[in-house]
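Student: Input structure: protein-v8.cif, which contains mmCIF, C-alpha atoms and all ligand atoms.
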data_target
loop_
_atom_site.label_atom_id
_atom_site.label_comp_id
_atom_site.auth_asym_id
_atom_site.auth_seq_id
_atom_site.Cartn_x
_atom_site.Cartn_y
_atom_site.Cartn_z
CA MET J 1091 113.60 90.41 143.72
CA THR J 1092 111.99 93.15 145.71
CA ASP J 1093 109.94 95.62 143.73
CA PRO J 1094 112.27 98.45 142.65
CA THR J 1095 111.53 101.92 143.98
CA TYR J 1096 110.37 104.73 141.74
CA LEU J 1097 110.36 108.48 141.19
CA ALA J 1098 106.86 109.91 140.67
CA GLY J 1099 105.74 112.23 137.88
CA PHE J 1100 105.63 112.33 134.07
CA GLY J 1101 108.14 114.70 132.43
CA ASN J 1102 109.63 115.91 135.71
CA GLN J 1103 113.27 116.92 136.09
CA HIS J 1104 114.17 113.82 138.06
CA GLN J 1105 117.51 113.00 139.62
CA SER J 1106 118.84 109.82 141.16
CA GLU J 1107 122.17 108.41 142.28
CA ALA J 1108 123.03 104.84 143.24
CA ARG J 1109 126.29 106.00 144.93
CA THR J 1110 126.39 109.03 147.16
CA GLY J 1111 128.05 111.99 145.50
CA ALA J 1112 127.90 110.53 141.97
CA LEU J 1113 125.70 113.38 140.72
CA PRO J 1114 127.56 116.64 140.14
CA VAL J 1115 126.05 119.58 141.96
CA GLY J 1116 125.26 122.77 140.08
CA ARG J 1117 126.84 121.69 136.78
CA ASN J 1118 126.59 118.86 134.24
CA SER J 1119 130.16 118.38 133.06
CA PRO J 1120 132.76 118.81 135.80
CA GLN J 1121 136.38 118.48 134.74
CA ARG J 1122 136.53 115.13 136.54
CA CYS J 1123 133.30 113.36 137.52
CA ALA J 1124 133.07 111.82 140.99
CA HIS J 1125 133.91 108.10 141.38
CA GLY J 1126 135.79 108.15 138.03
CA LEU J 1127 132.55 108.28 136.03
CA TYR J 1128 132.03 109.64 132.51
CA ALA J 1129 129.32 112.22 131.76
CA GLU J 1130 127.11 111.48 128.72
CA LEU J 1131 124.10 113.39 127.37
CA LEU J 1132 121.10 111.61 125.85
CA SER J 1133 118.75 113.89 123.91
CA GLY J 1134 115.14 113.12 123.08
CA SER J 1135 114.56 116.36 121.20
CA ALA J 1136 116.52 118.86 119.14
CA PHE J 1137 118.61 121.10 121.42
CA THR J 1138 116.48 124.05 120.36
CA ALA J 1139 113.04 122.42 120.79
CA PRO J 1140 110.67 124.61 122.81
CA ARG J 1141 111.21 124.27 126.55
CA ALA J 1142 107.87 122.45 127.00
CA ASP J 1143 108.93 119.74 124.52
CA ASN J 1144 112.63 119.65 125.32
CA GLN J 1145 113.85 116.30 126.62
CA ARG J 1146 117.32 115.29 127.69
CA THR J 1147 119.03 113.38 130.46
CA TRP J 1148 122.60 113.44 131.78
CA LEU J 1149 124.08 110.03 132.52
CA TYR J 1150 127.07 109.45 134.81
CA ARG J 1151 128.43 106.07 133.83
CA ARG J 1152 131.37 103.72 134.23
CA GLN J 1153 132.13 103.75 130.49
CA PRO J 1154 130.45 105.81 127.79
CA SER J 1155 128.19 104.22 125.15
CA VAL J 1156 130.76 104.95 122.48
CA VAL J 1157 132.81 101.98 123.72
CA VAL J 1158 131.14 99.44 121.45
CA GLY J 1159 132.31 97.32 118.50
CA GLY J 1160 131.19 97.69 114.87
CA TYR J 1161 127.62 96.74 113.99
CA ARG J 1162 126.66 93.93 111.64
CA PRO J 1163 123.16 93.13 110.33
CA LEU J 1164 121.07 90.83 112.53
CA PRO J 1165 118.25 89.20 110.57
CA HIS J 1166 114.79 89.19 112.15
CA ALA J 1167 111.96 87.46 110.29
CA THR J 1168 108.98 89.12 111.97
CA TRP J 1169 109.85 92.60 113.31
CA LYS J 1170 108.91 94.85 110.42
CA SER J 1171 108.51 98.61 110.53
CA GLY J 1172 107.64 101.33 108.05
CA ALA J 1173 105.01 101.09 105.28
CA ALA J 1174 107.61 99.71 102.86
CA GLN J 1175 107.81 96.51 104.96
CA GLY J 1176 104.03 95.94 104.92
CA GLU J 1177 101.83 94.09 102.43
CA ALA J 1178 99.13 95.34 100.13
CA ALA J 1179 95.91 93.89 101.56
CA PRO J 1180 92.22 94.45 100.76
CA PRO J 1181 90.43 97.03 102.94
CA ASP J 1182 88.63 94.38 104.98
CA PRO J 1183 88.35 94.36 108.77
CA LEU J 1184 90.96 91.98 110.20
CA ARG J 1185 90.97 90.11 113.49
CA TRP J 1186 93.40 87.67 115.06
CA GLY J 1187 92.98 85.12 117.85
CA PRO J 1188 95.45 85.20 120.77
CA SER J 1189 99.01 85.45 119.46
CA GLN J 1190 100.89 82.16 119.70
CA LEU J 1191 102.66 81.37 122.97
CA ASP J 1192 104.26 78.21 121.67
CA VAL J 1193 106.70 79.82 119.28
CA SER J 1194 110.17 78.38 119.81
CA ASP J 1195 112.03 79.34 122.95
CA GLY J 1196 113.21 82.94 122.73
CA ASP J 1197 113.68 86.24 124.48
CA PHE J 1198 111.71 89.47 124.07
CA VAL J 1199 113.59 90.51 120.92
CA ASP J 1200 113.21 87.08 119.29
CA GLY J 1201 109.50 87.12 120.13
CA LEU J 1202 108.59 90.44 118.49
CA ARG J 1203 106.15 90.09 115.59
CA SER J 1204 104.71 93.07 113.76
CA TYR J 1205 101.00 92.97 112.92
CA ALA J 1206 100.85 96.25 111.07
CA VAL J 1207 103.16 99.06 109.96
CA ASN J 1208 103.00 102.60 108.63
CA GLY J 1209 105.25 105.61 108.18
CA GLU J 1210 108.97 105.37 107.79
CA PRO J 1211 111.66 104.81 110.42
CA GLY J 1212 113.39 108.12 111.08
CA VAL J 1213 110.41 110.08 109.76
CA GLY J 1214 107.26 109.02 111.64
CA GLY J 1215 104.49 106.49 111.92
CA MET J 1216 104.11 103.45 114.14
CA THR J 1217 104.25 99.68 114.34
CA ALA J 1218 101.80 97.43 116.18
CA LEU J 1219 103.52 94.31 117.48
CA ALA J 1220 102.93 91.23 119.58
CA PHE J 1221 105.66 89.86 121.82
CA VAL J 1222 106.21 86.60 123.61
CA ALA J 1223 109.20 85.90 125.85
CA THR J 1224 110.11 82.55 127.36
CA ARG J 1225 113.55 83.48 128.62
CA PRO J 1226 115.46 86.53 129.86
CA MET J 1227 117.60 88.59 127.50
CA GLY J 1228 120.65 87.81 129.64
CA ARG J 1229 123.68 89.73 128.41
CA ARG J 1230 121.74 91.27 125.54
CA ALA J 1231 120.31 94.80 125.35
CA LEU J 1232 118.07 96.49 122.80
CA VAL J 1233 118.51 100.09 121.66
CA ASN J 1234 115.76 101.35 119.37
CA ALA J 1235 117.18 104.35 117.52
CA ASP J 1236 114.05 104.44 115.30
CA GLY J 1237 111.41 104.85 117.95
CA GLU J 1238 110.02 104.76 121.43
CA MET J 1239 108.59 101.46 122.67
CA LEU J 1240 105.28 101.33 124.53
CA VAL J 1241 104.98 97.88 126.10
CA VAL J 1242 101.53 96.55 127.05
CA PRO J 1243 101.93 93.28 129.01
CA GLN J 1244 98.97 90.92 128.61
CA GLN J 1245 100.18 87.79 130.44
CA GLY J 1246 103.05 87.46 132.92
CA ARG J 1247 105.08 90.07 134.79
CA LEU J 1248 108.15 91.67 133.26
CA LEU J 1249 111.32 93.10 134.76
CA ILE J 1250 112.57 95.82 132.44
CA THR J 1251 116.16 96.95 132.97
CA THR J 1252 117.04 100.30 131.42
CA GLU J 1253 120.06 102.55 131.50
CA LEU J 1254 118.25 104.64 134.12
CA GLY J 1255 117.18 101.74 136.34
CA ARG J 1256 114.62 98.95 136.62
CA LEU J 1257 110.85 98.83 136.21
CA GLU J 1258 108.56 95.96 137.10
CA VAL J 1259 105.31 95.74 135.17
CA ALA J 1260 102.40 93.32 135.28
CA PRO J 1261 99.36 93.02 133.01
CA GLY J 1262 97.33 96.18 133.62
CA PHE J 1263 100.48 98.34 133.54
CA ILE J 1264 102.32 99.86 130.60
CA ALA J 1265 106.00 100.68 130.21
CA LEU J 1266 107.29 103.53 128.08
CA LEU J 1267 110.88 103.19 126.87
CA PRO J 1268 112.46 106.26 125.26
CA ARG J 1269 113.91 106.16 121.78
CA GLY J 1270 117.67 105.50 121.85
CA MET J 1271 117.89 104.22 125.44
CA ALA J 1272 119.25 100.70 126.05
CA PHE J 1273 116.92 98.27 127.81
CA LYS J 1274 116.19 94.59 128.26
CA VAL J 1275 112.88 92.91 129.00
CA ASP J 1276 112.94 89.77 131.12
CA PRO J 1277 109.86 87.66 131.88
CA LEU J 1278 109.25 87.06 135.60
CA ASP J 1279 106.56 84.54 134.63
CA VAL J 1280 106.85 82.41 131.51
CA PRO J 1281 105.68 82.58 128.89
CA ALA J 1282 105.07 86.33 129.00
CA ARG J 1283 102.97 87.85 126.24
CA GLY J 1284 101.78 91.29 125.27
CA TYR J 1285 101.75 94.04 122.73
CA VAL J 1286 104.15 96.79 121.74
CA CYS J 1287 103.62 100.07 119.96
CA GLU J 1288 106.84 101.17 118.27
CA ASN J 1289 106.34 104.91 117.99
CA LEU J 1290 108.43 106.26 115.10
CA GLY J 1291 107.12 109.81 115.57
CA ALA J 1292 107.12 112.45 118.31
CA ALA J 1293 107.49 111.12 121.84
CA PHE J 1294 104.33 110.14 123.68
CA ARG J 1295 103.02 112.83 126.01
CA LEU J 1296 99.92 113.38 128.09
CA PRO J 1297 97.02 114.78 126.04
CA GLU J 1298 95.81 118.33 126.59
CA LEU J 1299 92.80 118.37 128.92
CA GLY J 1300 90.93 121.34 127.43
CA PRO J 1301 87.60 121.90 129.22
CA ILE J 1302 88.21 118.82 131.42
CA GLY J 1303 90.47 121.11 133.44
CA SER J 1304 93.63 120.53 135.40
CA ASN J 1305 92.94 116.98 136.62
CA GLY J 1306 91.81 113.71 135.16
CA LEU J 1307 92.51 110.97 132.63
CA ALA J 1308 96.12 109.87 133.24
CA ASN J 1309 97.46 112.11 136.00
CA ALA J 1310 101.16 112.99 135.67
CA ARG J 1311 101.99 112.02 139.25
CA ASP J 1312 101.04 108.38 138.65
CA PHE J 1313 103.83 107.76 136.14
CA GLU J 1314 106.87 106.21 137.75
CA ALA J 1315 110.48 106.50 136.58
CA PRO J 1316 113.16 104.17 137.96
CA VAL J 1317 115.85 105.10 140.44
CA ALA J 1318 119.46 104.76 139.27
CA TRP J 1319 120.73 101.19 139.23
CA TYR J 1320 123.82 99.65 137.67
CA GLU J 1321 125.23 96.18 137.18
CA ASP J 1322 127.88 95.96 139.85
CA GLU J 1323 130.50 93.83 138.12
CA ALA J 1324 134.28 94.03 137.93
CA PRO J 1325 135.52 95.05 134.45
CA THR J 1326 137.58 91.87 134.13
CA SER J 1327 134.86 89.42 135.14
CA ALA J 1328 132.12 91.08 133.12
CA GLY J 1329 132.09 89.27 129.75
CA ALA J 1330 130.65 90.57 126.55
CA TYR J 1331 127.27 92.21 126.13
CA GLU J 1332 125.42 92.01 122.83
CA ILE J 1333 123.92 95.34 121.81
CA VAL J 1334 121.02 94.89 119.40
CA LYS J 1335 120.20 98.13 117.66
CA ARG J 1336 117.12 99.01 115.64
CA HIS J 1337 118.21 101.48 113.02
CA GLY J 1338 116.64 102.22 109.65
CA GLY J 1339 113.91 99.57 110.06
CA GLN J 1340 116.30 96.68 110.63
CA LEU J 1341 118.38 95.15 113.40
CA TRP J 1342 122.12 95.38 113.85
CA ARG J 1343 124.33 93.74 116.45
CA ALA J 1344 127.61 94.58 118.11
CA THR J 1345 129.39 93.32 121.19
CA GLN J 1346 131.03 95.32 123.92
CA PRO J 1347 133.04 94.13 126.88
CA HIS J 1348 130.91 95.87 129.51
CA SER J 1349 127.30 96.23 130.55
CA PRO J 1350 125.29 99.14 129.08
CA PHE J 1351 123.49 99.16 132.44
CA ASN J 1352 126.42 100.97 134.05
CA VAL J 1353 124.81 104.35 134.85
CA VAL J 1354 125.53 105.17 138.48
CA ALA J 1355 123.62 108.46 138.55
CA TRP J 1356 121.42 110.50 136.22
CA HIS J 1357 119.34 113.62 136.07
CA GLY J 1358 116.94 114.95 133.48
CA ASN J 1359 113.46 114.68 132.04
CA LEU J 1360 113.99 111.96 129.41
CA ALA J 1361 113.14 108.81 131.34
CA PRO J 1362 111.43 105.46 131.02
CA TYR J 1363 108.16 105.12 132.90
CA ARG J 1364 105.70 102.59 134.10
CA TYR J 1365 102.04 103.45 134.61
CA ASP J 1366 99.30 101.46 136.31
CA LEU J 1367 96.28 101.77 134.00
CA SER J 1368 93.93 101.29 136.96
CA ARG J 1369 95.00 104.82 138.02
CA PHE J 1370 93.34 106.22 134.86
CA MET J 1371 90.55 108.57 135.88
CA THR J 1372 87.92 107.59 133.35
CA ILE J 1373 85.42 110.17 132.14
CA ASN J 1374 82.23 109.17 130.34
CA THR J 1375 78.77 110.56 129.68
CA VAL J 1376 76.39 111.09 132.60
CA SER J 1377 73.55 112.05 130.26
CA PHE J 1378 73.19 110.46 126.82
CA ASP J 1379 75.11 109.37 123.71
CA HIS J 1380 78.38 107.50 123.37
CA PRO J 1381 81.39 109.86 123.52
CA ASP J 1382 84.21 109.64 121.00
CA PRO J 1383 86.92 107.24 122.24
CA SER J 1384 89.43 110.09 122.35
CA ILE J 1385 88.00 110.69 125.84
CA PHE J 1386 89.98 107.61 126.91
CA THR J 1387 93.38 108.80 125.60
CA VAL J 1388 96.22 107.90 127.96
CA LEU J 1389 99.13 109.18 125.84
CA THR J 1390 99.42 110.88 122.49
CA SER J 1391 102.18 111.21 119.90
CA PRO J 1392 101.21 114.30 117.90
CA SER J 1393 101.96 114.73 114.21
CA ASP J 1394 102.71 118.10 112.66
CA THR J 1395 98.98 118.71 112.10
CA PRO J 1396 97.21 119.73 115.34
CA GLY J 1397 94.74 117.10 116.54
CA TRP J 1398 95.80 114.45 114.00
CA ALA J 1399 97.88 112.09 116.12
CA ASN J 1400 100.76 110.12 114.72
CA VAL J 1401 99.44 107.65 117.29
CA ASP J 1402 97.17 107.81 120.31
CA PHE J 1403 97.23 105.17 123.03
CA VAL J 1404 93.62 104.76 124.16
CA ILE J 1405 92.19 102.37 126.75
CA PHE J 1406 88.73 100.95 127.43
CA PRO J 1407 88.94 100.39 131.19
CA PRO J 1408 86.32 99.26 133.73
CA ARG J 1409 83.63 101.97 133.92
CA TRP J 1410 80.02 102.69 134.69
CA MET J 1411 77.56 102.89 131.82
CA VAL J 1412 74.66 105.17 132.78
CA ALA J 1413 73.60 106.85 129.52
CA GLU J 1414 69.85 107.27 129.11
CA ASP J 1415 68.01 106.57 125.83
CA THR J 1416 71.31 105.61 124.27
CA PHE J 1417 72.76 102.73 122.30
CA ARG J 1418 75.62 102.24 124.77
CA PRO J 1419 78.29 100.26 122.84
CA PRO J 1420 80.33 101.98 120.11
CA TRP J 1421 78.33 103.20 117.12
CA TYR J 1422 78.84 101.91 113.60
CA HIS J 1423 81.50 104.04 112.00
CA ARG J 1424 84.08 104.65 109.29
CA ASN J 1425 87.02 106.78 110.34
CA VAL J 1426 89.91 108.40 108.57
CA MET J 1427 92.11 107.25 111.47
CA SER J 1428 93.25 103.61 111.56
CA GLU J 1429 92.47 101.54 114.63
CA PHE J 1430 94.58 98.66 115.92
CA MET J 1431 93.08 97.07 119.04
CA GLY J 1432 94.17 94.52 121.61
CA LEU J 1433 92.55 92.99 124.68
CA VAL J 1434 94.47 92.57 127.94
CA LEU J 1435 91.64 90.92 129.83
CA GLY J 1436 87.92 90.27 129.94
CA GLN J 1437 85.42 91.14 127.25
CA TYR J 1438 85.08 94.12 124.93
CA ASP J 1439 81.52 95.44 124.76
CA ALA J 1440 81.36 95.73 120.96
CA LYS J 1441 82.48 92.08 120.49
CA PRO J 1442 81.75 90.24 123.75
CA GLU J 1443 82.50 86.75 122.43
CA GLY J 1444 84.62 87.12 119.31
CA PHE J 1445 87.48 89.30 120.57
CA LYS J 1446 89.79 87.27 122.81
CA PRO J 1447 92.44 88.35 125.37
CA GLY J 1448 95.82 88.27 123.62
CA GLY J 1449 94.07 88.75 120.25
CA ALA J 1450 94.02 91.82 118.03
CA SER J 1451 91.99 93.60 115.39
CA LEU J 1452 92.72 96.08 112.66
CA HIS J 1453 90.08 98.47 111.33
CA ASN J 1454 92.03 100.43 108.80
CA SER J 1455 91.29 103.91 107.53
CA TYR J 1456 87.65 104.07 106.31
CA VAL J 1457 87.02 100.37 106.96
CA PRO J 1458 83.46 100.20 108.36
CA HIS J 1459 83.05 98.47 111.70
CA GLY J 1460 81.10 98.48 114.96
CA PRO J 1461 79.32 96.10 117.33
CA ASP J 1462 78.72 92.58 116.10
CA ALA J 1463 75.13 91.47 115.49
CA GLU J 1464 74.87 89.83 118.92
CA ALA J 1465 76.08 92.97 120.73
CA PHE J 1466 73.69 95.11 118.65
CA ASP J 1467 70.67 93.00 119.56
CA LYS J 1468 71.58 92.89 123.24
CA ALA J 1469 72.25 96.62 123.54
CA SER J 1470 69.15 97.61 121.55
CA GLY J 1471 66.91 95.68 123.93
CA ALA J 1472 68.77 96.22 127.20
CA GLU J 1473 67.12 97.84 130.20
CA LEU J 1474 69.15 101.02 130.70
CA LYS J 1475 69.97 100.66 134.39
CA PRO J 1476 73.37 101.87 135.59
CA HIS J 1477 75.69 99.03 134.65
CA LYS J 1478 79.35 98.47 135.51
CA LEU J 1479 81.55 97.15 132.73
CA ASP J 1480 84.01 95.39 135.00
CA ALA J 1481 87.06 93.12 134.76
CA THR J 1482 87.86 94.36 131.28
CA LEU J 1483 90.78 96.14 129.65
CA ALA J 1484 90.98 96.74 125.92
CA PHE J 1485 93.21 99.26 124.21
CA MET J 1486 93.71 100.92 120.84
CA PHE J 1487 96.70 102.28 118.94
CA GLU J 1488 94.96 104.85 116.74
CA THR J 1489 97.00 106.45 113.99
CA ARG J 1490 96.37 109.04 111.30
CA TRP J 1491 98.31 107.02 108.68
CA PRO J 1492 96.81 103.89 107.08
CA LEU J 1493 98.33 100.68 108.44
CA LYS J 1494 99.66 97.85 106.29
CA PRO J 1495 99.45 94.32 107.69
CA THR J 1496 102.67 92.33 107.55
CA ALA J 1497 103.36 88.96 105.95
CA TRP J 1498 103.41 87.40 109.46
CA ALA J 1499 100.01 88.90 110.29
CA LEU J 1500 98.46 87.66 107.04
CA ASN J 1501 100.11 84.24 106.79
CA ASP J 1502 101.42 83.01 110.15
CA ALA J 1503 99.40 84.73 112.88
CA PRO J 1504 96.01 83.30 113.92
CA LEU J 1505 94.07 85.45 111.45
CA GLU J 1506 90.33 84.78 111.45
CA THR J 1507 88.98 84.05 108.01
CA THR J 1508 85.34 84.64 108.95
CA TYR J 1509 85.58 87.86 111.00
CA ALA J 1510 83.22 89.86 108.79
CA ASP J 1511 80.49 87.25 109.39
CA CYS J 1512 79.93 88.79 112.82
CA TRP J 1513 77.98 91.59 111.08
CA ARG J 1514 76.13 89.35 108.58
CA ASP J 1515 72.98 89.10 110.71
CA LEU J 1516 72.45 92.85 110.91
CA LYS J 1517 69.16 92.78 109.02
CA ASP J 1518 67.25 95.56 107.28
CA ASN J 1519 64.70 96.24 110.04
CA PHE J 1520 63.20 99.27 108.30
CA HIS J 1521 59.45 99.53 108.54
CA ALA J 1522 57.72 102.42 106.81
O1 LIG J 1601 85.98 100.52 116.99
C1 LIG J 1601 86.19 100.36 118.19
O2 LIG J 1601 85.76 99.38 118.81
C2 LIG J 1601 86.92 101.44 118.96
C3 LIG J 1601 85.96 102.53 119.26
C4 LIG J 1601 85.30 102.58 120.46
C5 LIG J 1601 84.38 103.55 120.71
O3 LIG J 1601 83.77 103.57 121.90
C6 LIG J 1601 84.07 104.50 119.75
C7 LIG J 1601 84.75 104.48 118.53
C8 LIG J 1601 85.70 103.51 118.29
O4 LIG J 1601 86.38 103.48 117.14
FE FE J 1602 86.42 102.04 115.76
#
Mind converting the file's structure to structure tokens?

Tutor:
Amino acid sequence: MTDPTYLAGFGNQHQSEARTGALPVGRNSPQRCAHGLYAELLSGSAFTAPRADNQRTWLYRRQPSVVVGGYRPLPHATWKSGAAQGEAAPPDPLRWGPSQLDVSDGDFVDGLRSYAVNGEPGVGGMTALAFVATRPMGRRALVNADGEMLVVPQQGRLLITTELGRLEVAPGFIALLPRGMAFKVDPLDVPARGYVCENLGAAFRLPELGPIGSNGLANARDFEAPVAWYEDEAPTSAGAYEIVKRHGGQLWRATQPHSPFNVVAWHGNLAPYRYDLSRFMTINTVSFDHPDPSIFTVLTSPSDTPGWANVDFVIFPPRWMVAEDTFRPPWYHRNVMSEFMGLVLGQYDAKPEGFKPGGASLHNSYVPHGPDAEAFDKASGAELKPHKLDATLAFMFETRWPLKPTAWALNDAPLETTYADCWRDLKDNFHA
């Protein structure tokens, strides 16, 4: 397929029509919509949320979403969400090798596996997941009524079809799929692999820039929403669609005789996006010391306490290291926030050898961690010339709530049993 076209800008009041005249002018709910369409409102916030946080989109579609059969439970062995679906595990650092690509043939939904969970669906928190997809979802769509889905492809391109249109993403991009909006994720290369953050809290937004000013980090104009697109099929020839719904921390399924991708026109500010992470304007020290990683925040889901994110999406992109008289990799630390990390490509400076693309780590609340012994030795002796960390892309889902690993993560994923050994050779070098 040709790359779909896009509308630029995060949070804008976008509008798009796939048939001329399908969008009503100057009103949302005309007595009769053009082309025989139905008007439907999708809200992302309470009606009375402050204007700056208010999100909603009007959909003009061939049939409304209410035309769907009754839902029945759909078992899923590895997609867990909410602290109640996690396991009690010792407060050790955890690390996994690349998530398995050779799981049995399946689509994006089949291939979702939660590493770690917190919060409660419908209340807040997040889930860190791996996905693998070896086939398209076909006539199957996912609606996550519990949370927004942030997709981080690691291997293989994806075509994501949403009610508002189509997005193509490759490794190095992210896709943001609003809570409650139907979508399907189809691999353009197989197998496709990556990570997902299921955000059960407030919708992701761009972080405040404070003294940075009015530009920088992820710039709003670089986020791309899809243009309207619908499956152009005759009602009689269509065949059933399976709607898989995430609701209350479990899956449900129903069938409907028509495609949910039947929105001919839409307008509003609740939209899916893709974002090319290479557009991130990275800021770092030009003097000394290692800044807090919050300086690399792409998107944040705030909690009700200012500054304490339900989840931050943070990246470690290619960048120049120029700090003088500084230990340049991350410092040793223990944080109240919990850190789930993944690696899209290359090496991560705190663990150049041990952390593999497609792998993951979990440093839970107050679990001590930092550079492995090899990275410490190298960085302590390095000549501090300007140095480009290149061909690398790591990321972190950082959350204020402790994370619980899942049974899959502890028993079936490629969990390393000797991770903590990477710090064993950090000797007592004290000399009085
Ligand atoms: O632990 C990690 O590797 C993530 C991290 C990176 C960094 O530069 C500073 C703090 C931090 O938690
Ligand atoms: Fe950390």

Student: Identify, counting only C-alpha atoms and all ligand atoms, the protein, DNA and RNA residues located within 8 Å of ligand FE 1602 (chain J), and give them as an mmCIF file with C-alpha atoms, keeping the file's coordinate frame.

Tutor:
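Saved the output as result.cif:
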data_model
loop_
_atom_site.group_PDB
_atom_site.id
_atom_site.type_symbol
_atom_site.label_atom_id
_atom_site.label_comp_id
_atom_site.auth_asym_id
_atom_site.auth_seq_id
_atom_site.Cartn_x
_atom_site.Cartn_y
_atom_site.Cartn_z
ATOM 1 C CA PRO J 1420 80.330 101.980 120.110
ATOM 2 C CA TYR J 1422 78.840 101.910 113.600
ATOM 3 C CA HIS J 1423 81.500 104.040 112.000
ATOM 4 C CA ARG J 1424 84.080 104.650 109.290
ATOM 5 C CA ASN J 1425 87.020 106.780 110.340
ATOM 6 C CA GLU J 1429 92.470 101.540 114.630
ATOM 7 C CA HIS J 1453 90.080 98.470 111.330
ATOM 8 C CA HIS J 1459 83.050 98.470 111.700
ATOM 9 C CA GLY J 1460 81.100 98.480 114.960
#

Student: If you count all atoms listed in the file, which residues fall within 10 Å of Leu1500 in chain J, apart from same-chain ones fewer than 6 positions away, as a VMD selection string?

Tutor: chain J and resid 1177 1179 1184 1186 1205 to 1206 1506

Student: Extract, using all atoms listed in the file, all DNA, RNA and protein residues at most 6 Å from range 1474-1491 of chain J, discarding same-chain residues fewer than 2 positions from it, and format them as a VMD selection string.

Tutor: chain J and resid 1399 to 1412 1427 to 1437 1472

Student: Using only C-alpha atoms, which residue out of J:Pro1350, J:Pro1504, J:Pro1277, J:Pro1243 lies closest to Arg1230 in chain J?

Tutor: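 Closest candidate: J:Pro1350.
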
Student: When you count only C-alpha atoms and all ligand atoms, which of these residues is closest to ligand LIG 1601 (chain J): J:Gly1449, J:Pro1381, J:Pro1226, J:Pro1183?

Tutor: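 The answer is J:Pro1381, which sits nearest to ligand LIG 1601 (chain J).
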
Student: Show which residues sit within 10 Å of Thr1508 in chain J, as a ChimeraX atom specification. Count all atoms listed in the file, and ignore same-chain residues fewer than 3 positions away.

Tutor: /J:1184-1185,1505,1511-1512

Student: Please report the interatomic distance between CA of Arg1203 in chain J and CA of Arg1295 in chain J in Å with one decimal.

Tutor: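 About the pair CA of Arg1203 in chain J and CA of Arg1295 in chain J: they are 25.2 Å apart.
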
Student: Pick out the closest residue to Ser1135 in chain J from this set: J:Pro1268, J:Gly1262, J:Gly1228, J:Pro1442. Count all atoms listed in the file.

Tutor: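 Among the listed residues, the smallest separation from Ser1135 in chain J belongs to J:Pro1268.
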
Student: For His1337 in chain J, which of J:Leu1290, J:Leu1219, J:Ile1385, J:Leu1248 is the closest residue, counting all atoms listed in the file?

Tutor: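 Ranked by minimum distance to His1337 in chain J, first place goes to J:Leu1290.
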
Student: Return range 1161-1172 of chain J, completed with N, CA and C atoms, as a compact mmCIF listing (two decimals), keeping the file's coordinate frame.

Tutor:
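The file below, rebuild_37.txt, is the result:
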# COMPACT_ATOMS: atom_id res chain seq x y z
N TYR J 1161 128.91 97.42 114.12
CA TYR J 1161 127.62 96.74 113.99
C TYR J 1161 127.54 95.94 112.70
N ARG J 1162 126.94 94.77 112.81
CA ARG J 1162 126.66 93.93 111.64
C ARG J 1162 125.16 93.65 111.60
N PRO J 1163 124.60 93.40 110.41
CA PRO J 1163 123.16 93.13 110.33
C PRO J 1163 122.77 91.90 111.16
N LEU J 1164 121.62 91.97 111.78
CA LEU J 1164 121.07 90.83 112.53
C LEU J 1164 119.69 90.55 111.92
N PRO J 1165 119.55 89.46 111.20
CA PRO J 1165 118.25 89.20 110.57
C PRO J 1165 117.16 88.99 111.61
N HIS J 1166 115.95 89.45 111.30
CA HIS J 1166 114.79 89.19 112.15
C HIS J 1166 113.60 89.00 111.22
N ALA J 1167 112.98 87.81 111.30
CA ALA J 1167 111.96 87.46 110.29
C ALA J 1167 110.65 88.21 110.49
N THR J 1168 110.36 88.66 111.72
CA THR J 1168 108.98 89.12 111.97
C THR J 1168 108.87 90.53 112.53
N TRP J 1169 109.96 91.19 112.87
CA TRP J 1169 109.85 92.60 113.31
C TRP J 1169 110.02 93.47 112.07
N LYS J 1170 108.92 93.97 111.60
CA LYS J 1170 108.91 94.85 110.42
C LYS J 1170 108.50 96.23 110.89
N SER J 1171 109.02 97.26 110.26
CA SER J 1171 108.51 98.61 110.53
C SER J 1171 108.61 99.48 109.30
N GLY J 1172 107.70 100.46 109.21
CA GLY J 1172 107.64 101.33 108.05
C GLY J 1172 106.75 100.72 106.98
